[in-house]
file work-v3.cif (mmCIF, C-alpha atoms)
data_query
loop_
_atom_site.label_atom_id
_atom_site.label_comp_id
_atom_site.auth_asym_id
_atom_site.auth_seq_id
_atom_site.Cartn_x
_atom_site.Cartn_y
_atom_site.Cartn_z
CA MET A 1 -7.35 34.50 -21.69
CA PRO A 2 -4.54 36.77 -22.97
CA GLY A 3 -4.55 38.53 -19.59
CA ILE A 4 -4.25 35.22 -17.81
CA ASP A 5 -1.38 34.15 -20.08
CA VAL A 6 0.47 37.40 -19.35
CA GLU A 7 -0.04 36.89 -15.63
CA LEU A 8 1.05 33.26 -15.98
CA GLN A 9 4.27 34.27 -17.72
CA SER A 10 4.86 36.88 -15.06
CA ILE A 11 4.61 34.19 -12.36
CA LYS A 12 7.05 31.99 -14.29
CA ASN A 13 9.58 34.82 -14.56
CA ARG A 14 9.19 35.73 -10.89
CA PHE A 15 9.77 32.22 -9.58
CA GLY A 16 12.19 31.01 -12.26
CA ILE A 17 9.86 28.43 -13.78
CA ILE A 18 11.00 27.24 -17.20
CA GLY A 19 8.66 25.45 -19.58
CA ASN A 20 5.41 25.75 -21.46
CA SER A 21 3.91 22.25 -21.38
CA PRO A 22 0.09 22.13 -21.06
CA ALA A 23 0.22 20.05 -17.86
CA LEU A 24 2.58 22.53 -16.18
CA ASN A 25 0.52 25.51 -17.26
CA TYR A 26 -2.66 23.92 -15.94
CA ALA A 27 -1.10 23.26 -12.54
CA LEU A 28 0.10 26.88 -12.35
CA ARG A 29 -3.34 28.23 -13.27
CA VAL A 30 -4.97 26.16 -10.52
CA ALA A 31 -2.43 27.50 -8.01
CA MET A 32 -3.13 31.08 -9.11
CA GLN A 33 -6.90 30.64 -8.82
CA VAL A 34 -6.83 29.01 -5.37
CA ALA A 35 -4.22 31.38 -3.92
CA PRO A 36 -6.60 34.24 -2.88
CA THR A 37 -8.74 31.82 -0.86
CA ASP A 38 -7.96 30.07 2.43
CA LEU A 39 -8.66 26.58 1.08
CA THR A 40 -6.33 23.76 2.00
CA VAL A 41 -4.23 22.61 -0.96
CA LEU A 42 -2.65 19.20 -1.59
CA ILE A 43 0.25 19.28 -4.06
CA MET A 44 1.05 15.87 -5.56
CA GLY A 45 4.08 14.96 -7.62
CA GLU A 46 7.24 12.91 -7.75
CA SER A 47 10.39 13.88 -5.92
CA GLY A 48 12.25 16.71 -7.60
CA VAL A 49 9.39 18.27 -9.61
CA GLY A 50 9.35 21.51 -7.58
CA LYS A 51 6.35 21.14 -5.28
CA GLU A 52 7.71 23.71 -2.80
CA VAL A 53 7.77 26.36 -5.53
CA PHE A 54 4.02 25.92 -5.94
CA SER A 55 3.50 26.46 -2.21
CA GLN A 56 5.49 29.69 -2.41
CA ILE A 57 3.41 30.85 -5.39
CA ILE A 58 0.17 30.22 -3.48
CA HIS A 59 1.42 32.09 -0.41
CA SER A 60 2.77 35.06 -2.38
CA LEU A 61 -0.54 35.55 -4.23
CA SER A 62 -2.69 35.19 -1.09
CA ALA A 63 -3.86 37.74 1.45
CA ARG A 64 -1.34 36.23 3.90
CA LYS A 65 1.69 37.16 1.77
CA HIS A 66 2.97 39.68 4.36
CA ASN A 67 2.70 37.13 7.19
CA PRO A 68 5.16 34.30 7.95
CA PHE A 69 5.66 31.31 5.65
CA ILE A 70 7.43 28.18 6.86
CA ALA A 71 8.20 24.88 5.11
CA VAL A 72 8.35 21.75 7.27
CA ASN A 73 9.64 18.38 6.01
CA CYS A 74 7.56 15.85 7.95
CA GLY A 75 9.86 13.00 6.91
CA ALA A 76 12.94 14.70 8.39
CA ILE A 77 11.55 15.12 11.92
CA PRO A 78 11.75 12.10 14.28
CA GLU A 79 8.42 10.63 15.30
CA GLY A 80 9.02 11.36 18.98
CA THR A 81 9.55 15.10 18.46
CA ILE A 82 7.27 16.05 15.57
CA ASP A 83 4.34 16.87 17.89
CA SER A 84 6.57 19.23 19.84
CA GLU A 85 7.88 20.84 16.65
CA LEU A 86 4.43 21.48 15.21
CA PHE A 87 2.37 22.25 18.32
CA GLY A 88 4.95 23.18 20.98
CA HIS A 89 5.44 21.78 24.49
CA GLU A 90 5.37 22.80 28.14
CA LYS A 91 8.29 22.77 30.52
CA GLY A 92 8.89 19.29 31.95
CA SER A 93 6.48 17.58 29.55
CA PHE A 94 9.23 15.12 28.56
CA THR A 95 12.89 14.46 29.23
CA GLY A 96 14.92 17.42 28.00
CA ALA A 97 12.02 19.88 28.00
CA VAL A 98 13.80 22.39 30.24
CA ASP A 99 11.61 25.26 29.05
CA SER A 100 8.34 25.91 27.28
CA ARG A 101 8.49 26.19 23.51
CA LYS A 102 6.12 27.45 20.83
CA GLY A 103 5.35 25.20 17.88
CA TYR A 104 5.18 26.13 14.21
CA PHE A 105 1.38 26.47 14.26
CA GLU A 106 1.74 29.04 17.02
CA THR A 107 4.64 31.04 15.59
CA VAL A 108 3.19 31.16 12.03
CA ASN A 109 -0.22 32.35 13.25
CA GLY A 110 -1.81 34.34 10.42
CA GLY A 111 0.55 32.92 7.82
CA THR A 112 1.05 29.75 5.80
CA ILE A 113 2.67 26.44 6.74
CA PHE A 114 3.87 24.06 4.04
CA LEU A 115 3.92 20.42 5.18
CA ASP A 116 6.15 18.52 2.77
CA GLU A 117 6.10 14.70 2.67
CA ILE A 118 2.82 14.63 4.56
CA GLY A 119 2.61 10.89 3.92
CA GLU A 120 5.46 10.36 6.41
CA MET A 121 3.56 11.98 9.28
CA PRO A 122 2.78 9.59 12.20
CA LEU A 123 -0.87 8.66 12.77
CA GLY A 124 -0.96 10.35 16.19
CA THR A 125 0.22 13.63 14.71
CA GLN A 126 -2.31 13.27 11.90
CA ALA A 127 -5.12 13.32 14.47
CA ARG A 128 -3.75 16.57 15.95
CA LEU A 129 -3.42 18.11 12.48
CA LEU A 130 -6.99 17.14 11.62
CA ARG A 131 -8.26 19.04 14.65
CA VAL A 132 -6.31 22.15 13.60
CA LEU A 133 -7.77 21.98 10.10
CA GLU A 134 -11.35 21.53 11.34
CA THR A 135 -11.49 23.85 14.36
CA GLY A 136 -8.24 25.83 14.35
CA GLU A 137 -7.46 24.50 17.83
CA PHE A 138 -4.42 22.70 19.20
CA ILE A 139 -2.90 21.71 22.54
CA ARG A 140 0.77 21.85 23.40
CA VAL A 141 2.49 18.64 24.43
CA GLY A 142 2.15 18.34 28.20
CA SER A 143 -0.58 20.98 28.44
CA SER A 144 -4.33 20.86 28.89
CA ARG A 145 -5.06 24.36 27.65
CA VAL A 146 -6.65 24.65 24.21
CA GLN A 147 -5.13 27.35 21.99
CA LYS A 148 -6.41 28.89 18.75
CA THR A 149 -4.45 29.51 15.57
CA ASP A 150 -5.19 30.89 12.12
CA VAL A 151 -2.85 29.12 9.71
CA ARG A 152 -3.34 28.09 6.10
CA VAL A 153 -2.05 24.58 5.44
CA ILE A 154 -0.50 23.54 2.14
CA ALA A 155 0.57 19.89 2.02
CA ALA A 156 2.67 18.00 -0.49
CA THR A 157 3.42 14.34 -1.09
CA ASN A 158 5.18 12.07 -3.54
CA LYS A 159 3.08 9.07 -2.46
CA ASP A 160 -0.42 7.86 -3.23
CA LEU A 161 -2.23 8.93 -0.07
CA LEU A 162 -5.44 7.15 -1.07
CA GLU A 163 -3.54 3.88 -1.24
CA LEU A 164 -1.98 4.62 2.16
CA THR A 165 -5.47 5.09 3.62
CA GLN A 166 -6.40 1.59 2.43
CA LEU A 167 -3.27 0.24 4.11
CA HIS A 168 -4.25 2.10 7.33
CA LYS A 169 -1.05 4.17 7.19
CA PHE A 170 -2.85 7.47 6.62
CA ARG A 171 -6.12 8.74 8.07
CA GLU A 172 -8.91 8.74 5.51
CA ASP A 173 -10.67 11.74 7.09
CA LEU A 174 -7.44 13.74 6.99
CA TYR A 175 -6.89 12.80 3.35
CA TYR A 176 -10.27 14.20 2.28
CA ARG A 177 -9.72 17.27 4.47
CA LEU A 178 -6.36 17.99 2.83
CA ASN A 179 -7.54 17.15 -0.67
CA THR A 180 -9.86 20.16 -0.89
CA VAL A 181 -7.96 21.45 -3.92
CA PRO A 182 -5.51 18.95 -5.46
CA ILE A 183 -2.69 20.14 -7.70
CA ARG A 184 -0.69 17.58 -9.68
CA VAL A 185 2.77 18.70 -10.76
CA PRO A 186 3.76 16.68 -13.87
CA PRO A 187 7.07 14.75 -13.88
CA LEU A 188 9.79 15.83 -16.27
CA ARG A 189 9.30 12.83 -18.60
CA GLU A 190 5.81 14.21 -19.34
CA ARG A 191 7.32 17.59 -20.26
CA LYS A 192 9.73 16.47 -22.97
CA GLU A 193 9.45 19.76 -24.84
CA ASP A 194 10.69 21.61 -21.73
CA ILE A 195 13.83 19.51 -21.17
CA PRO A 196 16.13 21.34 -23.68
CA LEU A 197 14.95 24.71 -22.34
CA LEU A 198 15.68 23.70 -18.75
CA PHE A 199 19.12 22.33 -19.61
CA ARG A 200 20.03 25.52 -21.49
CA LYS A 201 18.90 27.64 -18.51
CA PHE A 202 20.94 25.56 -16.04
CA ALA A 203 23.98 25.56 -18.33
CA VAL A 204 23.95 29.37 -18.56
CA ASP A 205 23.51 29.76 -14.78
CA PHE A 206 26.43 27.44 -13.99
CA ALA A 207 28.60 29.08 -16.63
CA GLU A 208 28.09 32.40 -14.86
CA ARG A 209 28.77 30.85 -11.46
CA TYR A 210 31.97 29.07 -12.51
CA ARG A 211 32.99 31.71 -15.09
CA THR A 212 33.13 29.35 -18.05
CA THR A 213 31.55 29.13 -21.49
CA PRO A 214 28.02 27.69 -21.46
CA VAL A 215 27.79 24.08 -22.55
CA GLN A 216 25.95 23.33 -25.78
CA LEU A 217 24.49 20.01 -26.91
CA THR A 218 24.53 18.40 -30.36
CA ASP A 219 21.31 17.14 -31.93
CA ASP A 220 21.96 13.52 -30.92
CA ALA A 221 22.72 14.63 -27.35
CA ILE A 222 19.45 16.58 -27.21
CA GLU A 223 17.60 13.49 -28.45
CA LEU A 224 19.23 11.40 -25.73
CA LEU A 225 18.39 14.03 -23.13
CA ILE A 226 14.72 14.08 -24.15
CA ASN A 227 14.30 10.29 -24.07
CA TYR A 228 16.05 9.82 -20.72
CA PRO A 229 13.55 8.81 -17.98
CA TRP A 230 14.68 11.45 -15.40
CA ARG A 231 13.57 9.64 -12.29
CA GLY A 232 14.90 12.54 -10.22
CA ASN A 233 13.04 15.03 -12.45
CA VAL A 234 14.20 18.68 -12.54
CA ARG A 235 16.59 18.16 -9.62
CA GLU A 236 18.42 15.37 -11.47
CA LEU A 237 18.56 17.41 -14.70
CA LYS A 238 20.06 20.33 -12.80
CA ASN A 239 22.71 18.09 -11.24
CA VAL A 240 23.65 16.65 -14.64
CA ALA A 241 23.94 20.15 -16.13
CA GLU A 242 26.22 21.20 -13.28
CA GLN A 243 28.44 18.12 -13.66
CA ILE A 244 28.85 18.70 -17.38
CA SER A 245 29.57 22.41 -16.87
CA VAL A 246 32.36 21.63 -14.40
CA LEU A 247 33.84 18.34 -15.61
CA SER A 248 33.46 18.31 -19.39
CA GLN A 249 36.54 19.40 -21.36
CA GLU A 250 34.43 20.11 -24.44
CA ARG A 251 31.94 22.95 -24.61
CA VAL A 252 29.96 21.18 -27.33
CA VAL A 253 28.80 17.86 -25.89
CA ASN A 254 27.65 14.97 -28.06
CA ALA A 255 25.61 11.92 -27.09
CA ASP A 256 28.65 9.75 -26.28
CA GLU A 257 30.01 12.38 -23.89
CA LEU A 258 26.59 12.93 -22.35
CA ARG A 259 26.18 9.22 -21.54
CA LYS A 260 29.03 9.47 -19.04
CA TYR A 261 26.92 11.71 -16.81
CA LEU A 262 23.64 9.76 -16.99
CA SER A 263 23.73 7.39 -14.04
CA ASP A 264 21.07 5.01 -15.30
CA GLN A 265 22.39 4.72 -18.83
CA GLN A 266 24.25 1.46 -18.23
CA ILE A 267 21.10 -0.16 -16.87
CA MET A 268 19.04 1.13 -19.80
CA ASN A 269 21.52 -0.30 -22.34
CA LEU A 270 21.44 -3.82 -20.92
CA PRO A 271 19.85 -6.33 -23.34
CA VAL A 272 16.78 -8.21 -22.24
CA LEU A 273 18.64 -11.52 -21.97
CA ALA A 274 21.09 -10.03 -19.51
CA HIS A 275 18.55 -10.37 -16.72
CA THR A 276 19.66 -13.67 -15.22
CA HIS A 277 17.47 -13.54 -12.16
CA GLU A 278 14.50 -15.80 -12.44
CA LYS A 279 11.20 -14.05 -12.24
CA THR A 280 9.54 -14.77 -8.94
CA GLU A 281 5.89 -14.26 -8.20
CA ASP A 282 5.34 -11.33 -5.93
CA PHE A 283 2.34 -11.92 -3.72
CA SER A 284 1.01 -8.65 -2.38
CA THR A 285 -1.52 -10.22 -0.05
CA GLU A 286 -2.02 -13.39 1.91
CA ARG A 287 -5.11 -14.13 -0.13
CA ASP A 288 -3.01 -14.47 -3.29
CA ILE A 289 -0.85 -17.06 -1.55
CA LEU A 290 -3.87 -19.00 -0.35
CA TYR A 291 -5.53 -19.03 -3.75
CA LYS A 292 -2.40 -20.35 -5.44
CA LEU A 293 -1.85 -23.07 -2.84
CA PHE A 294 -5.54 -23.92 -2.84
CA PHE A 295 -5.72 -24.50 -6.59
CA ASP A 296 -2.48 -26.48 -6.54
CA LEU A 297 -3.91 -28.64 -3.77
CA LYS A 298 -7.20 -29.09 -5.64
CA LYS A 299 -5.31 -30.32 -8.72
CA ASP A 300 -3.40 -32.85 -6.61
CA VAL A 301 -6.63 -34.12 -5.01
CA ASN A 302 -8.27 -34.60 -8.41
CA ASP A 303 -5.22 -36.51 -9.64
CA LEU A 304 -5.41 -38.78 -6.59
CA LYS A 305 -9.12 -39.38 -7.21
CA LYS A 306 -8.47 -40.43 -10.77
CA MET A 307 -5.66 -42.77 -9.68
CA PHE A 308 -7.88 -44.32 -6.98
CA PHE A 309 -10.77 -45.12 -9.32
CA ASP A 310 -8.37 -46.50 -11.92
CA LEU A 311 -7.07 -48.91 -9.27
CA LEU A 312 -10.62 -49.91 -8.33
CA GLN A 313 -11.37 -50.84 -11.93
CA HIS A 314 -8.03 -52.61 -12.44
CA PRO A 315 -6.89 -53.83 -8.98
CA GLU A 316 -4.43 -56.35 -10.36
CA THR A 317 -2.08 -53.55 -11.41
CA LEU A 318 -1.54 -52.54 -7.77
CA PHE A 319 -0.65 -56.05 -6.59
CA GLN A 320 1.52 -56.80 -9.59
CA ARG A 321 3.59 -53.75 -8.72
CA ALA A 322 3.85 -54.99 -5.13
CA GLY A 323 5.07 -58.49 -6.19
CA TYR A 324 1.79 -60.40 -5.67
CA ALA A 325 0.11 -62.97 -7.97
CA MET A 326 -3.52 -64.00 -8.27
CA THR A 327 -4.03 -67.45 -6.62
CA ALA A 328 -6.89 -69.42 -5.13
CA ALA A 329 -7.35 -69.41 -1.38
CA PRO A 330 -9.10 -72.16 0.62
CA VAL A 331 -12.63 -71.21 1.56
CA SER A 332 -15.49 -72.81 3.40
CA PRO A 333 -18.13 -74.87 1.54
CA ASP A 334 -20.64 -72.08 2.07
CA HIS A 335 -18.68 -69.75 -0.12
CA HIS A 336 -17.77 -69.84 -3.75
CA ALA A 337 -14.15 -70.26 -4.65
CA GLN A 338 -12.59 -66.84 -4.51
CA PRO A 339 -9.25 -65.64 -5.77
CA SER A 340 -6.76 -64.42 -3.18
CA MET A 341 -3.45 -62.65 -3.12
CA ILE A 342 -0.35 -64.68 -2.11
CA PRO A 343 3.15 -63.29 -2.48
CA THR A 344 5.02 -65.30 -5.10
CA ASN A 345 8.31 -64.99 -3.27
CA THR A 346 7.14 -66.03 0.24
CA GLN A 347 5.60 -69.00 2.07
CA PRO A 348 1.86 -69.66 1.59
CA VAL A 349 -0.21 -67.49 3.82
CA ASN A 350 -2.92 -68.66 6.20
CA THR A 351 -6.62 -68.16 5.93
CA SER A 352 -6.25 -64.54 6.95
CA SER A 353 -4.68 -63.80 3.60
CA ILE A 354 -5.98 -60.89 1.63
CA ILE A 355 -9.09 -61.91 -0.32
CA ILE A 356 -10.60 -60.02 -3.19
CA ARG A 357 -14.35 -60.41 -2.74
CA HIS A 358 -16.80 -60.42 -5.57
CA ALA A 359 -18.62 -57.26 -6.34
CA GLU A 360 -21.90 -58.63 -5.05
CA GLN A 361 -20.35 -59.62 -1.69
CA THR A 362 -18.83 -56.24 -1.01
CA HIS A 363 -21.98 -54.51 -2.22
CA LEU A 364 -19.96 -52.42 -4.66
CA PRO A 365 -22.13 -50.92 -7.41
CA THR A 366 -21.84 -52.84 -10.64
CA GLY A 367 -21.55 -51.32 -14.02
CA GLN A 368 -19.05 -51.13 -16.79
CA GLY A 369 -15.93 -52.82 -15.50
CA GLY A 370 -17.74 -53.69 -12.26
CA PHE A 371 -18.13 -50.05 -11.16
CA HIS A 372 -20.27 -47.10 -12.03
CA GLU A 373 -18.51 -43.99 -13.28
CA HIS A 374 -17.44 -42.05 -10.23
CA GLU A 375 -18.98 -38.71 -9.42
CA GLU A 376 -16.64 -35.98 -8.23
CA VAL A 377 -17.72 -34.38 -4.98
CA GLU A 378 -16.37 -30.87 -4.56
CA GLU A 379 -14.31 -30.57 -1.44
CA SER A 380 -14.68 -27.75 1.04
CA LEU A 381 -13.96 -24.34 -0.43
CA SER A 382 -13.37 -22.66 2.90
CA ILE A 383 -10.25 -20.52 2.59
CA THR A 384 -9.91 -20.45 6.36
CA GLU A 385 -9.76 -24.25 6.60
CA LYS A 386 -7.29 -24.49 3.72
CA GLU A 387 -5.13 -21.78 5.26
CA LYS A 388 -5.09 -23.60 8.61
CA GLU A 389 -4.30 -26.90 6.88
CA LEU A 390 -1.41 -25.39 4.89
CA ILE A 391 0.07 -23.74 7.97
CA ILE A 392 0.01 -27.05 9.89
CA LYS A 393 1.52 -28.83 6.90
CA ALA A 394 4.34 -26.28 6.62
CA LEU A 395 5.12 -26.49 10.35
CA ARG A 396 5.32 -30.27 10.21
CA LYS A 397 7.46 -30.12 7.10
CA HIS A 398 9.98 -27.86 8.83
CA ARG A 399 9.68 -29.66 12.19
CA GLY A 400 8.14 -26.74 14.01
CA LYS A 401 10.64 -24.12 12.79
CA ARG A 402 8.33 -21.18 12.34
CA LYS A 403 10.78 -18.98 10.50
CA ASP A 404 11.33 -21.61 7.80
CA ALA A 405 7.62 -22.37 7.64
CA ALA A 406 6.82 -18.68 7.15
CA MET A 407 9.34 -18.44 4.31
CA ASP A 408 7.87 -21.53 2.69
CA LEU A 409 4.35 -20.06 2.89
CA GLY A 410 5.52 -16.72 1.51
CA ILE A 411 4.42 -14.68 4.53
CA SER A 412 6.24 -12.83 7.28
CA GLU A 413 7.06 -14.55 10.57
CA ARG A 414 4.91 -12.00 12.40
CA THR A 415 1.93 -12.89 10.21
CA LEU A 416 2.52 -16.58 10.90
CA TYR A 417 2.51 -15.98 14.68
CA ARG A 418 -0.76 -14.08 14.33
CA LYS A 419 -2.32 -16.90 12.30
CA LEU A 420 -1.18 -19.52 14.86
CA LYS A 421 -2.88 -17.57 17.61
CA GLU A 422 -5.98 -16.96 15.54
CA TYR A 423 -6.46 -20.63 14.61
CA HIS A 424 -5.25 -21.98 18.01
CA ILE A 425 -2.50 -24.04 16.36
CA ASN A 426 0.02 -25.54 18.80
CA GLU A 427 2.62 -27.16 16.56
#

call {"tool": "encode", "arguments": {"input": "work-v3.cif", "output": "structure tokens"}}
result
Amino acid sequence: MPGIDVELQSIKNRFGIIGNSPALNYALRVAMQVAPTDLTVLIMGESGVGKEVFSQIIHSLSARKHNPFIAVNCGAIPEGTIDSELFGHEKGSFTGAVDSRKGYFETVNGGTIFLDEIGEMPLGTQARLLRVLETGEFIRVGSSRVQKTDVRVIAATNKDLLELTQLHKFREDLYYRLNTVPIRVPPLRERKEDIPLLFRKFAVDFAERYRTTPVQLTDDAIELLINYPWRGNVRELKNVAEQISVLSQERVVNADELRKYLSDQQIMNLPVLAHTHEKTEDFSTERDILYKLFFDLKKDVNDLKKMFFDLLQHPETLFQRAGYAMTAAPVSPDHHAQPSMIPTNTQPVNTSSIIIRHAEQTHLPTGQGGFHEHEEVEESLSITEKEKELIIKALRKHRGKRKDAAMDLGISERTLYRKLKEYHINE
């Protein structure tokens, strides 16, 4: 282990890596162990943690170190040209292709290619890359000739590729092909003990560049620096150190002075009650929306059931609210005298007046209060039917305006159009 630690420190000095946190050391050891092989490596970490440095370490310790190394930012190349950039194209294959051109996989043959932000790569290009990783073969854009290449691929991402595969934004087979050896670079907030060392290193470097005295921090400033979230990681810390080195009039900076250069400090200092925006429920899927609406609808139906059976047991309450009084209506000799409903504020009604029949005449079940206790019958639990019903209800509510209906349902207008077509709804 001492030999490995000496070699590890040598790598840190060679590539300017500052810090001694266990997570950082582990990531560096994995990079050193996998470097002599030709295995594909996937480097994961937030933006600004130094993923490209790890790719350079792997290349420099490999057998390909004397061959070309190229770093490609997949997110910076337009979707229409990335195939040409990576695999080349033939003359006349597309507008503007006035000559044939070699791609990166052809020019870096025998070396290493670092694909940064691999999560931004289009799906069509992912299929081409998968073929290169599996067979070492590729085809130029506009060509039918298969070419061979021997390139080691190191990929990096600041996104969760496994989650992207579930969203069908990244090929699952490519993910497992790239993830042969994963290396996770820890964010700066997980390396709190390294933050003062990094700041001191940056402060000395900028003092030499701008020919000034290195900036020093007081104890309270160091405490503030350690507890700051550093969403931009090492890159953000370096920018703050450079700002302080250039703009600060004092060479010994306290916490109050340091706060001026921390962009998120004002947001962090806001009290909890300052958030005036009401919390809204964020539905990630259509199923969440349907479940919420379904249970709300079920509650309303149960309330209506209870109200209905209450009215059956006490019908006079309904007619009293409507301005009716219980009176006797003329009936034939074959029938018993039956009470009827006649409005108290109108002329007497004819024999077609509303008549409340006895329980035995209407064949209603008798029991306590003239009725048996009702038995709730569970309504249909089909999500599809409820979804269709809610969509129709929203369209009628907004008089066929699909954009407003989609907003009311909490889904996109495109999703609403798809649902209308799927359920054959013509509202």

call {"tool": "atom_distance", "arguments": {"input": "work-v3.cif", "atom1": "CA of Glu190 (chain A)", "atom2": "CA of Pro229 (chain A)"}}
result
9.5 Å

call {"tool": "atom_distance", "arguments": {"input": "work-v3.cif", "atom1": "CA of Arg189 (chain A)", "atom2": "CA of Gly19 (chain A)"}}
result
12.7 Å

call {"tool": "residues_near_point", "arguments": {"input": "work-v3.cif", "point": "(6.9, 29.6, -14.1)", "cutoff": "12 Å", "atoms": "all atoms listed in the file", "output": "PyMOL selection string"}}
result
chain A and resi 5-21+24-29+31-32+50+53-54+56-57+194+198

call {"tool": "resolve_selection", "arguments": {"input": "work-v3.cif", "expression": "the PyMOL selection byres ((chain A and resi 148-150) around 10)", "output": "mmCIF file with C-alpha atoms, in the frame of the given file"}}
result
data_model
loop_
_atom_site.group_PDB
_atom_site.id
_atom_site.type_symbol
_atom_site.label_atom_id
_atom_site.label_comp_id
_atom_site.auth_asym_id
_atom_site.auth_seq_id
_atom_site.Cartn_x
_atom_site.Cartn_y
_atom_site.Cartn_z
ATOM 1 C CA PHE A 105 1.380 26.470 14.260
ATOM 2 C CA GLU A 106 1.740 29.040 17.020
ATOM 3 C CA THR A 107 4.640 31.040 15.590
ATOM 4 C CA VAL A 108 3.190 31.160 12.030
ATOM 5 C CA ASN A 109 -0.220 32.350 13.250
ATOM 6 C CA GLY A 110 -1.810 34.340 10.420
ATOM 7 C CA GLY A 111 0.550 32.920 7.820
ATOM 8 C CA THR A 112 1.050 29.750 5.800
ATOM 9 C CA VAL A 132 -6.310 22.150 13.600
ATOM 10 C CA LEU A 133 -7.770 21.980 10.100
ATOM 11 C CA THR A 135 -11.490 23.850 14.360
ATOM 12 C CA GLY A 136 -8.240 25.830 14.350
ATOM 13 C CA GLU A 137 -7.460 24.500 17.830
ATOM 14 C CA PHE A 138 -4.420 22.700 19.200
ATOM 15 C CA ILE A 139 -2.900 21.710 22.540
ATOM 16 C CA VAL A 146 -6.650 24.650 24.210
ATOM 17 C CA GLN A 147 -5.130 27.350 21.990
ATOM 18 C CA VAL A 151 -2.850 29.120 9.710
ATOM 19 C CA ARG A 152 -3.340 28.090 6.100
ATOM 20 C CA VAL A 153 -2.050 24.580 5.440
#

call {"tool": "atom_distance", "arguments": {"input": "work-v3.cif", "atom1": "CA of Trp230 (chain A)", "atom2": "CA of Arg209 (chain A)"}}
result
24.3 Å

call {"tool": "closest_residue", "arguments": {"input": "work-v3.cif", "among": "A:Phe202, A:His89, A:Asp38, A:Val49", "to": "Ser144 (chain A)", "atoms": "all atoms listed in the file"}}
result
A:His89

call {"tool": "residues_around", "arguments": {"input": "work-v3.cif", "residues": "Leu258 (chain A)", "least_positions_apart": "2", "cutoff": "9 Å", "atoms": "all atoms listed in the file", "output": "mmCIF file with C-alpha atoms, in the frame of the given file"}}
result
data_model
loop_
_atom_site.group_PDB
_atom_site.id
_atom_site.type_symbol
_atom_site.label_atom_id
_atom_site.label_comp_id
_atom_site.auth_asym_id
_atom_site.auth_seq_id
_atom_site.Cartn_x
_atom_site.Cartn_y
_atom_site.Cartn_z
ATOM 1 C CA LEU A 217 24.490 20.010 -26.910
ATOM 2 C CA ALA A 221 22.720 14.630 -27.350
ATOM 3 C CA LEU A 224 19.230 11.400 -25.730
ATOM 4 C CA LEU A 225 18.390 14.030 -23.130
ATOM 5 C CA ILE A 244 28.850 18.700 -17.380
ATOM 6 C CA VAL A 253 28.800 17.860 -25.890
ATOM 7 C CA ASN A 254 27.650 14.970 -28.060
ATOM 8 C CA ALA A 255 25.610 11.920 -27.090
ATOM 9 C CA ASP A 256 28.650 9.750 -26.280
ATOM 10 C CA LYS A 260 29.030 9.470 -19.040
ATOM 11 C CA TYR A 261 26.920 11.710 -16.810
ATOM 12 C CA LEU A 262 23.640 9.760 -16.990
#

call {"tool": "resolve_selection", "arguments": {"input": "work-v3.cif", "expression": "the PyMOL selection byres ((chain A and resi 93) around 12)", "output": "PDB file with C-alpha atoms, in the frame of the given file"}}
result
ATOM      1  CA  THR A  81       9.550  15.100  18.460  1.00  0.00           C
ATOM      2  CA  ASP A  83       4.340  16.870  17.890  1.00  0.00           C
ATOM      3  CA  SER A  84       6.570  19.230  19.840  1.00  0.00           C
ATOM      4  CA  GLY A  88       4.950  23.180  20.980  1.00  0.00           C
ATOM      5  CA  HIS A  89       5.440  21.780  24.490  1.00  0.00           C
ATOM      6  CA  GLU A  90       5.370  22.800  28.140  1.00  0.00           C
ATOM      7  CA  LYS A  91       8.290  22.770  30.520  1.00  0.00           C
ATOM      8  CA  GLY A  92       8.890  19.290  31.950  1.00  0.00           C
ATOM      9  CA  PHE A  94       9.230  15.120  28.560  1.00  0.00           C
ATOM     10  CA  THR A  95      12.890  14.460  29.230  1.00  0.00           C
ATOM     11  CA  GLY A  96      14.920  17.420  28.000  1.00  0.00           C
ATOM     12  CA  ALA A  97      12.020  19.880  28.000  1.00  0.00           C
ATOM     13  CA  VAL A  98      13.800  22.390  30.240  1.00  0.00           C
ATOM     14  CA  ASP A  99      11.610  25.260  29.050  1.00  0.00           C
ATOM     15  CA  SER A 100       8.340  25.910  27.280  1.00  0.00           C
ATOM     16  CA  ARG A 101       8.490  26.190  23.510  1.00  0.00           C
ATOM     17  CA  ARG A 140       0.770  21.850  23.400  1.00  0.00           C
ATOM     18  CA  VAL A 141       2.490  18.640  24.430  1.00  0.00           C
ATOM     19  CA  GLY A 142       2.150  18.340  28.200  1.00  0.00           C
ATOM     20  CA  SER A 143      -0.580  20.980  28.440  1.00  0.00           C
ATOM     21  CA  SER A 144      -4.330  20.860  28.890  1.00  0.00           C
TER      22      SER A 144
END

call {"tool": "residues_around", "arguments": {"input": "work-v3.cif", "residues": "Cys74 (chain A)", "least_positions_apart": "3", "cutoff": "8 Å", "atoms": "only C-alpha atoms", "output": "list in words"}}
result
Ile77, Ile82, Leu115, Asp116, Glu117, Ile118, Glu120 and Met121 of chain A

call {"tool": "closest_residue", "arguments": {"input": "work-v3.cif", "among": "A:Leu395, A:Leu162, A:Leu42, A:Leu390", "to": "Asp296 (chain A)", "atoms": "all atoms listed in the file"}}
result
A:Leu390

call {"tool": "residues_around", "arguments": {"input": "work-v3.cif", "residues": "Ala63 (chain A)", "least_positions_apart": "2", "cutoff": "10 Å", "atoms": "all atoms listed in the file", "output": "number ranges by chain"}}
result
A: 35-38, 58-61, 65-67, 110-111

call {"tool": "resolve_selection", "arguments": {"input": "work-v3.cif", "expression": "the PyMOL selection byres ((chain A and resi 159-161) around 8)", "output": "VMD selection string"}}
result
chain A and resid 44 to 46 119 157 to 158 162 to 165 170 175
